[in-house]
>>> print(open('upload_12.txt').read())   # compact mmCIF, C-alpha atoms and all ligand atoms
# COMPACT_ATOMS: atom_id res chain seq x y z
CA MET A 1 0.00 0.00 0.00
CA THR A 2 1.40 3.42 -0.97
CA GLY A 3 1.59 6.32 1.45
CA ASN A 4 -1.37 8.01 -0.28
CA GLU A 5 -3.41 4.81 -0.07
CA GLU A 6 -2.70 4.62 3.67
CA LEU A 7 -3.85 8.23 4.06
CA LEU A 8 -6.99 7.40 2.06
CA GLU A 9 -7.72 4.33 4.18
CA LEU A 10 -7.63 6.51 7.31
CA ALA A 11 -9.82 9.19 5.67
CA VAL A 12 -12.39 6.59 4.58
CA ALA A 13 -12.61 5.04 8.07
CA ILE A 14 -13.10 8.45 9.70
CA ALA A 15 -15.51 9.77 7.02
CA THR A 16 -17.67 6.66 7.34
CA ASP A 17 -17.98 7.03 11.14
CA ALA A 18 -18.54 10.79 10.83
CA GLY A 19 -21.22 10.21 8.21
CA ARG A 20 -23.00 7.73 10.43
CA LEU A 21 -22.98 10.27 13.28
CA ALA A 22 -24.37 13.02 11.01
CA ALA A 23 -27.09 10.67 9.71
CA ALA A 24 -28.02 9.59 13.25
CA ARG A 25 -28.36 13.22 14.32
CA ARG A 26 -30.45 13.85 11.21
CA GLU A 27 -32.84 11.08 12.31
CA VAL A 28 -33.54 12.69 15.67
CA GLY A 29 -33.84 16.21 14.33
CA VAL A 30 -31.32 18.90 13.48
CA GLU A 31 -30.87 22.09 15.48
CA VAL A 32 -29.26 25.30 14.26
CA ALA A 33 -26.44 26.37 16.57
CA ALA A 34 -25.69 29.73 14.96
CA SER A 35 -25.59 31.67 11.71
CA LYS A 36 -22.28 32.75 10.20
CA SER A 37 -21.76 35.16 7.25
CA SER A 38 -25.52 35.77 6.98
CA LEU A 39 -28.80 34.51 8.50
CA GLU A 40 -29.02 31.97 5.66
CA ASP A 41 -25.50 30.69 6.41
CA VAL A 42 -26.23 28.36 9.31
CA VAL A 43 -24.16 25.90 11.31
CA THR A 44 -25.92 23.09 13.14
CA PHE A 45 -24.82 21.39 16.34
CA ALA A 46 -24.28 18.29 14.20
CA ASP A 47 -21.80 20.16 11.94
CA ARG A 48 -19.71 20.97 15.01
CA GLU A 49 -20.04 17.55 16.62
CA THR A 50 -19.11 15.79 13.37
CA GLU A 51 -16.06 17.99 12.84
CA ALA A 52 -14.97 17.43 16.46
CA LEU A 53 -15.09 13.67 15.87
CA ILE A 54 -13.06 13.94 12.65
CA ARG A 55 -10.48 16.29 14.19
CA SER A 56 -9.90 14.15 17.28
CA ARG A 57 -9.62 10.94 15.25
CA LEU A 58 -7.06 12.59 12.94
CA ALA A 59 -5.12 14.03 15.91
CA ASP A 60 -4.96 10.55 17.48
CA ALA A 61 -3.86 8.82 14.28
CA ARG A 62 -1.54 11.53 12.90
CA PRO A 63 -0.62 14.05 15.65
CA ASP A 64 2.03 15.81 13.51
CA ASP A 65 -0.38 16.78 10.70
CA GLY A 66 -2.10 20.16 10.36
CA PHE A 67 -5.85 20.71 10.19
CA LEU A 68 -8.21 23.12 8.40
CA GLY A 69 -11.89 22.67 9.12
CA GLU A 70 -14.99 24.71 8.22
CA GLU A 71 -16.27 24.90 11.79
CA SER A 72 -13.16 24.83 14.00
CA GLY A 73 -10.54 26.55 11.87
CA THR A 74 -6.87 25.73 11.58
CA GLY A 75 -4.28 23.83 13.57
CA SER A 76 -0.66 23.86 12.43
CA GLY A 77 1.43 20.67 12.04
CA ARG A 78 5.06 19.59 11.64
CA SER A 79 4.64 16.90 8.97
CA GLY A 80 4.01 19.17 5.98
CA LEU A 81 0.56 17.55 5.51
CA THR A 82 -2.78 19.20 6.34
CA TRP A 83 -6.26 17.67 6.52
CA VAL A 84 -8.91 19.90 4.87
CA VAL A 85 -12.36 19.06 6.22
CA ASP A 86 -15.99 19.95 5.61
CA PRO A 87 -17.89 17.86 8.18
CA ILE A 88 -21.28 18.36 6.50
CA ASP A 89 -21.07 19.88 3.02
CA GLY A 90 -24.56 20.85 1.93
CA THR A 91 -25.64 22.00 5.40
CA VAL A 92 -28.85 23.59 4.13
CA ASN A 93 -29.84 20.31 2.42
CA TYR A 94 -29.00 18.56 5.70
CA LEU A 95 -31.12 21.02 7.67
CA TYR A 96 -34.13 20.48 5.37
CA GLY A 97 -33.74 16.69 5.33
CA ILE A 98 -32.71 16.61 1.66
CA PRO A 99 -30.62 13.42 1.40
CA HIS A 100 -27.86 15.12 -0.57
CA TYR A 101 -25.03 16.19 1.76
CA ALA A 102 -21.56 14.82 2.37
CA VAL A 103 -18.61 14.44 4.69
CA SER A 104 -15.61 15.74 2.76
CA ILE A 105 -12.04 14.96 3.91
CA ALA A 106 -8.86 15.63 1.93
CA VAL A 107 -5.17 15.62 2.85
CA VAL A 108 -2.88 18.08 1.09
CA GLU A 109 0.84 18.68 0.95
CA GLY A 110 2.13 22.23 1.50
CA GLU A 111 0.15 25.19 2.83
CA PRO A 112 -3.64 24.54 3.12
CA ASP A 113 -4.15 26.98 0.25
CA PRO A 114 -5.78 25.82 -3.02
CA ALA A 115 -3.43 28.13 -4.95
CA THR A 116 -0.37 26.10 -3.91
CA TRP A 117 -1.42 22.83 -2.24
CA THR A 118 -0.97 19.33 -3.71
CA ALA A 119 -3.94 17.12 -2.86
CA LEU A 120 -2.79 13.56 -2.07
CA ALA A 121 -5.99 11.75 -1.08
CA GLY A 122 -9.67 12.60 -0.72
CA VAL A 123 -13.03 11.08 0.23
CA VAL A 124 -16.55 12.42 -0.25
CA PHE A 125 -19.18 10.34 1.60
CA ASN A 126 -22.93 10.87 1.29
CA PRO A 127 -24.31 8.92 4.28
CA ALA A 128 -27.89 9.28 3.03
CA SER A 129 -27.16 7.47 -0.26
CA GLY A 130 -24.24 5.44 1.04
CA GLU A 131 -22.10 6.60 -1.89
CA LEU A 132 -18.42 6.92 -1.07
CA PHE A 133 -16.24 8.64 -3.66
CA THR A 134 -12.48 8.29 -3.26
CA ALA A 135 -9.31 9.37 -5.01
CA THR A 136 -5.55 9.36 -4.56
CA ARG A 137 -3.08 11.46 -6.52
CA GLY A 138 -2.10 9.40 -9.57
CA GLY A 139 -4.24 6.51 -8.31
CA GLY A 140 -7.52 7.41 -10.01
CA ALA A 141 -11.01 8.08 -8.65
CA HIS A 142 -13.43 5.38 -7.57
CA LEU A 143 -17.00 4.78 -6.46
CA ALA A 144 -17.87 1.39 -4.93
CA GLY A 145 -14.72 -0.12 -6.47
CA ARG A 146 -15.58 1.21 -9.94
CA ARG A 147 -12.99 3.49 -11.59
CA LEU A 148 -14.58 6.80 -12.54
CA THR A 149 -14.11 8.60 -15.86
CA VAL A 150 -15.47 12.00 -16.79
CA ALA A 151 -18.16 12.10 -19.52
CA PRO A 152 -16.87 12.39 -23.11
CA PRO A 153 -16.86 15.95 -24.47
CA VAL A 154 -20.13 17.40 -25.77
CA ASP A 155 -21.03 20.68 -27.44
CA LEU A 156 -21.83 23.21 -24.70
CA SER A 157 -25.42 23.45 -25.97
CA GLN A 158 -25.79 19.81 -24.89
CA ALA A 159 -24.03 20.19 -21.54
CA LEU A 160 -25.83 19.60 -18.23
CA VAL A 161 -24.16 22.12 -15.93
CA GLY A 162 -24.14 22.23 -12.13
CA THR A 163 -23.68 25.43 -10.15
CA GLY A 164 -24.43 27.03 -6.79
CA PHE A 165 -25.26 30.28 -5.02
CA GLY A 166 -23.73 32.08 -2.06
CA TYR A 167 -25.10 33.02 1.35
CA GLN A 168 -25.37 36.76 0.61
CA ALA A 169 -28.45 37.98 -1.27
CA ALA A 170 -26.51 40.44 -3.45
CA LYS A 171 -24.07 37.69 -4.42
CA ARG A 172 -26.94 35.33 -5.30
CA GLU A 173 -28.50 38.01 -7.50
CA ARG A 174 -25.23 38.43 -9.42
CA GLN A 175 -24.86 34.65 -9.75
CA ALA A 176 -28.48 34.36 -10.94
CA ALA A 177 -27.82 37.02 -13.60
CA VAL A 178 -24.95 34.88 -14.91
CA VAL A 179 -27.23 31.84 -15.00
CA GLN A 180 -29.88 33.86 -16.87
CA ARG A 181 -27.35 34.75 -19.58
CA LEU A 182 -25.84 31.23 -19.65
CA ILE A 183 -28.94 29.01 -19.60
CA GLY A 184 -29.79 29.52 -23.31
CA ARG A 185 -26.27 28.34 -24.23
CA ILE A 186 -26.36 24.97 -22.37
CA ARG A 187 -28.72 21.95 -22.04
CA ASP A 188 -29.86 22.86 -18.50
CA ILE A 189 -28.72 23.85 -15.02
CA ARG A 190 -28.67 21.68 -11.89
CA ARG A 191 -28.44 23.21 -8.41
CA PHE A 192 -27.85 20.21 -6.10
CA GLY A 193 -26.58 22.28 -3.13
CA THR A 194 -23.37 20.38 -2.27
CA ALA A 195 -20.15 21.40 -4.05
CA SER A 196 -18.19 18.26 -3.11
CA LEU A 197 -20.93 16.04 -4.59
CA ASP A 198 -21.23 18.33 -7.64
CA LEU A 199 -17.53 17.67 -8.38
CA CYS A 200 -18.09 13.93 -7.86
CA SER A 201 -21.03 14.19 -10.30
CA VAL A 202 -18.61 15.55 -12.91
CA ALA A 203 -16.22 12.70 -12.11
CA SER A 204 -18.98 10.11 -12.57
CA GLY A 205 -20.51 11.64 -15.72
CA ARG A 206 -23.74 12.71 -13.99
CA LEU A 207 -22.91 16.30 -14.94
CA ASN A 208 -21.01 17.49 -18.01
CA ALA A 209 -19.69 20.48 -16.09
CA TYR A 210 -19.78 22.36 -12.81
CA TYR A 211 -18.81 25.92 -11.92
CA GLU A 212 -19.25 28.09 -8.84
CA SER A 213 -17.83 31.27 -7.34
CA GLY A 214 -17.41 31.88 -3.60
CA LEU A 215 -16.40 28.40 -2.41
CA ALA A 216 -14.14 27.83 0.59
CA PRO A 217 -11.14 25.46 0.35
CA TRP A 218 -12.94 22.72 2.29
CA ASP A 219 -15.88 22.75 -0.19
CA HIS A 220 -13.70 21.54 -3.09
CA ALA A 221 -10.50 19.98 -1.64
CA ALA A 222 -11.62 16.34 -1.83
CA GLY A 223 -14.18 16.62 -4.64
CA GLY A 224 -11.65 18.48 -6.78
CA LEU A 225 -9.18 15.58 -6.51
CA VAL A 226 -11.94 13.06 -7.35
CA ALA A 227 -12.86 15.07 -10.46
CA ALA A 228 -9.23 15.56 -11.52
CA GLU A 229 -8.39 11.88 -11.08
CA ALA A 230 -11.42 11.01 -13.24
CA GLY A 231 -9.90 13.08 -16.06
CA ALA A 232 -11.69 16.39 -15.53
CA LEU A 233 -9.95 19.74 -15.65
CA VAL A 234 -10.36 21.55 -12.33
CA THR A 235 -9.47 25.20 -12.79
CA GLY A 236 -9.97 28.74 -11.57
CA GLY A 237 -9.89 30.02 -15.14
CA ASP A 238 -6.99 31.53 -17.12
CA GLY A 239 -4.81 28.58 -16.15
CA ARG A 240 -5.08 29.45 -12.45
CA PRO A 241 -5.91 26.90 -9.74
CA ALA A 242 -9.47 26.72 -8.43
CA SER A 243 -10.11 29.39 -5.80
CA SER A 244 -12.86 31.26 -3.94
CA ASP A 245 -13.13 33.47 -7.06
CA LEU A 246 -14.07 30.59 -9.32
CA ILE A 247 -13.96 26.86 -9.81
CA ILE A 248 -14.80 25.21 -13.13
CA SER A 249 -14.66 21.45 -13.63
CA ALA A 250 -15.47 19.39 -16.74
CA HIS A 251 -13.80 17.38 -19.49
CA PRO A 252 -10.92 19.68 -20.60
CA GLU A 253 -12.61 20.52 -23.92
CA VAL A 254 -15.92 21.39 -22.26
CA ALA A 255 -14.18 23.32 -19.48
CA LYS A 256 -12.37 25.54 -22.00
CA THR A 257 -15.62 26.39 -23.82
CA LEU A 258 -17.53 26.97 -20.59
CA GLU A 259 -14.72 29.20 -19.30
CA SER A 260 -14.89 31.46 -22.36
CA VAL A 261 -18.71 31.63 -22.31
CA LEU A 262 -18.66 32.45 -18.58
CA ARG A 263 -16.20 35.26 -19.31
CA GLU A 264 -18.69 36.58 -21.90
CA VAL A 265 -21.78 36.40 -19.67
CA THR A 266 -20.13 37.58 -16.45
CA ASN A 267 -19.64 41.35 -16.01
C1 LIG B 1 -22.16 24.92 0.41
C2 LIG B 1 -21.61 24.42 -0.90
C3 LIG B 1 -22.54 24.83 -2.05
C4 LIG B 1 -22.70 26.33 -2.09
C5 LIG B 1 -23.23 26.85 -0.77
C6 LIG B 1 -22.30 26.42 0.39
P1 LIG B 1 -21.74 24.36 2.98
O1 LIG B 1 -21.26 24.57 1.43
O2 LIG B 1 -21.49 23.03 -0.88
O3 LIG B 1 -22.04 24.40 -3.28
O4 LIG B 1 -23.56 26.69 -3.14
O5 LIG B 1 -23.30 28.25 -0.83
O6 LIG B 1 -21.04 27.02 0.24
O7 LIG B 1 -21.98 25.76 3.54
O8 LIG B 1 -22.99 23.56 2.99
O9 LIG B 1 -20.58 23.67 3.63
>>> encode(input="upload_12.txt", output="structure tokens")
Amino acid sequence: MTGNEELLELAVAIATDAGRLAAARREVGVEVAASKSSLEDVVTFADRETEALIRSRLADARPDDGFLGEESGTGSGRSGLTWVVDPIDGTVNYLYGIPHYAVSIAVVEGEPDPATWTALAGVVFNPASGELFTATRGGGAHLAGRRLTVAPPVDLSQALVGTGFGYQAAKRERQAAVVQRLIGRIRDIRRFGTASLDLCSVASGRLNAYYESGLAPWDHAAGGLVAAEAGALVTGGDGRPASSDLIISAHPEVAKTLESVLREVTN
């Protein structure tokens, strides 16, 4: 087993237990603990409890590694590796009982910054569907033992495109204006509500493309590796890495076309 496969094995074991905890809390009812950047941007007690489980398991297993989590922030390490964690990606889906949310755990080399990090292993686990997407750098992306490959290229007019909206009303209005100008140039839009699973949908051919602006590193760390290892381009546009400004993911040919059309319809 390679070093990355060992890291993945640990991530899968922890993500599975964390997913079970989140699902169990979902069964008994979810309570909002607080709101963050806006009233719509909520954190539930389950988000915090799930992240606490993940963080303590990682600290026990790999005390020298760093940590970056959506709910509990950063912890520095000595090993040069950092775990980037979203305990419940798709929190609003989770709050409403929509069975489309995921535990997302990735381990990266270098600073926990998408502009410079090298993702080594990642897992995206949807406890409601039981689907567990995994990837290691150079080792491919898998779902239930099946190797994933991105959908073959299509003309943009035939592309099913996923996207998302932010937690600030003004931002959502700008994003909606982009969708209004884009929707006549593609097959249709899908707003599933969970960035990590959107990227896994590109990896598994369920979407031809995905783009979003305003994501945090933990929203795309693991899903981005799954998509890339399935053959998708994961980019921030203009050859830059994915960032909070923009992430686009699709077969390289489709990604290039979508990138130029987005540049046209975004002002
Ligand atoms: C969510 C993302 C989603 C985006 C939401 C939010 P969270 O992450 O998965 O794609 O549209 O605005 O960022 O807050 O559920 O971890």
>>> residues_around(input="upload_12.txt", residues="Asp155 (chain A)", least_positions_apart="6", cutoff="10 Å", atoms="only C-alpha atoms", output="ChimeraX atom specification")
/A:185-187,208,253-254,257-258
>>> closest_residue(input="upload_12.txt", among="A:Ala230, A:Leu199, A:Ala23, A:Leu132", to="ligand LIG 1 (chain B)", atoms="only C-alpha atoms and all ligand atoms")
A:Leu199
>>> closest_residue(input="upload_12.txt", among="A:Gly69, A:Gly130, A:Pro63, A:Pro241", to="ligand LIG 1 (chain B)", atoms="all atoms listed in the file")
A:Gly69
>>> closest_residue(input="upload_12.txt", among="A:Val43, A:Ala216, A:Leu160, A:Val92", to="Asp245 (chain A)", atoms="only C-alpha atoms")
A:Ala216
>>> residues_near_ligand(input="upload_12.txt", ligand="ligand LIG 1 (chain B)", cutoff="9 Å", atoms="all atoms listed in the file", output="VMD selection string")
chain A and resid 41 to 43 70 86 to 94 101 to 102 163 to 168 191 to 198 212 to 216 218 to 220
>>> closest_residue(input="upload_12.txt", among="A:Ala255, A:Leu68, A:Val28, A:Val85", to="Thr50 (chain A)", atoms="all atoms listed in the file")
A:Val85
>>> closest_residue(input="upload_12.txt", among="A:Val265, A:Ala222, A:Leu10, A:Ala209", to="Ala250 (chain A)", atoms="all atoms listed in the file")
A:Ala209
>>> closest_residue(input="upload_12.txt", among="A:Ile105, A:Val161, A:Ala176, A:Ala151", to="Leu8 (chain A)", atoms="only C-alpha atoms")
A:Ile105
>>> axis_aligned_box(input="upload_12.txt", around="region 250-263 of chain A", padding_each_side="5 Å", output="AutoDock Vina command-line options")
--center_x -14.8 --center_y 26.3 --center_z -20.3 --size_x 17.8 --size_y 27.9 --size_z 17.2
>>> atom_distance(input="upload_12.txt", atom1="CA of Glu109 (chain A)", atom2="CA of Leu21 (chain A)")
28.1 Å
>>> atom_distance(input="upload_12.txt", atom1="CA of Gly19 (chain A)", atom2="CA of Val123 (chain A)")
11.5 Å
>>> atom_distance(input="upload_12.txt", atom1="CA of Arg78 (chain A)", atom2="CA of Asp64 (chain A)")
5.2 Å
>>> residues_near_point(input="upload_12.txt", point="(-14.9, 8.7, 8.8)", cutoff="9 Å", atoms="all atoms listed in the file", output="number ranges by chain")
A: 10-20, 53-54, 57, 103, 105, 125
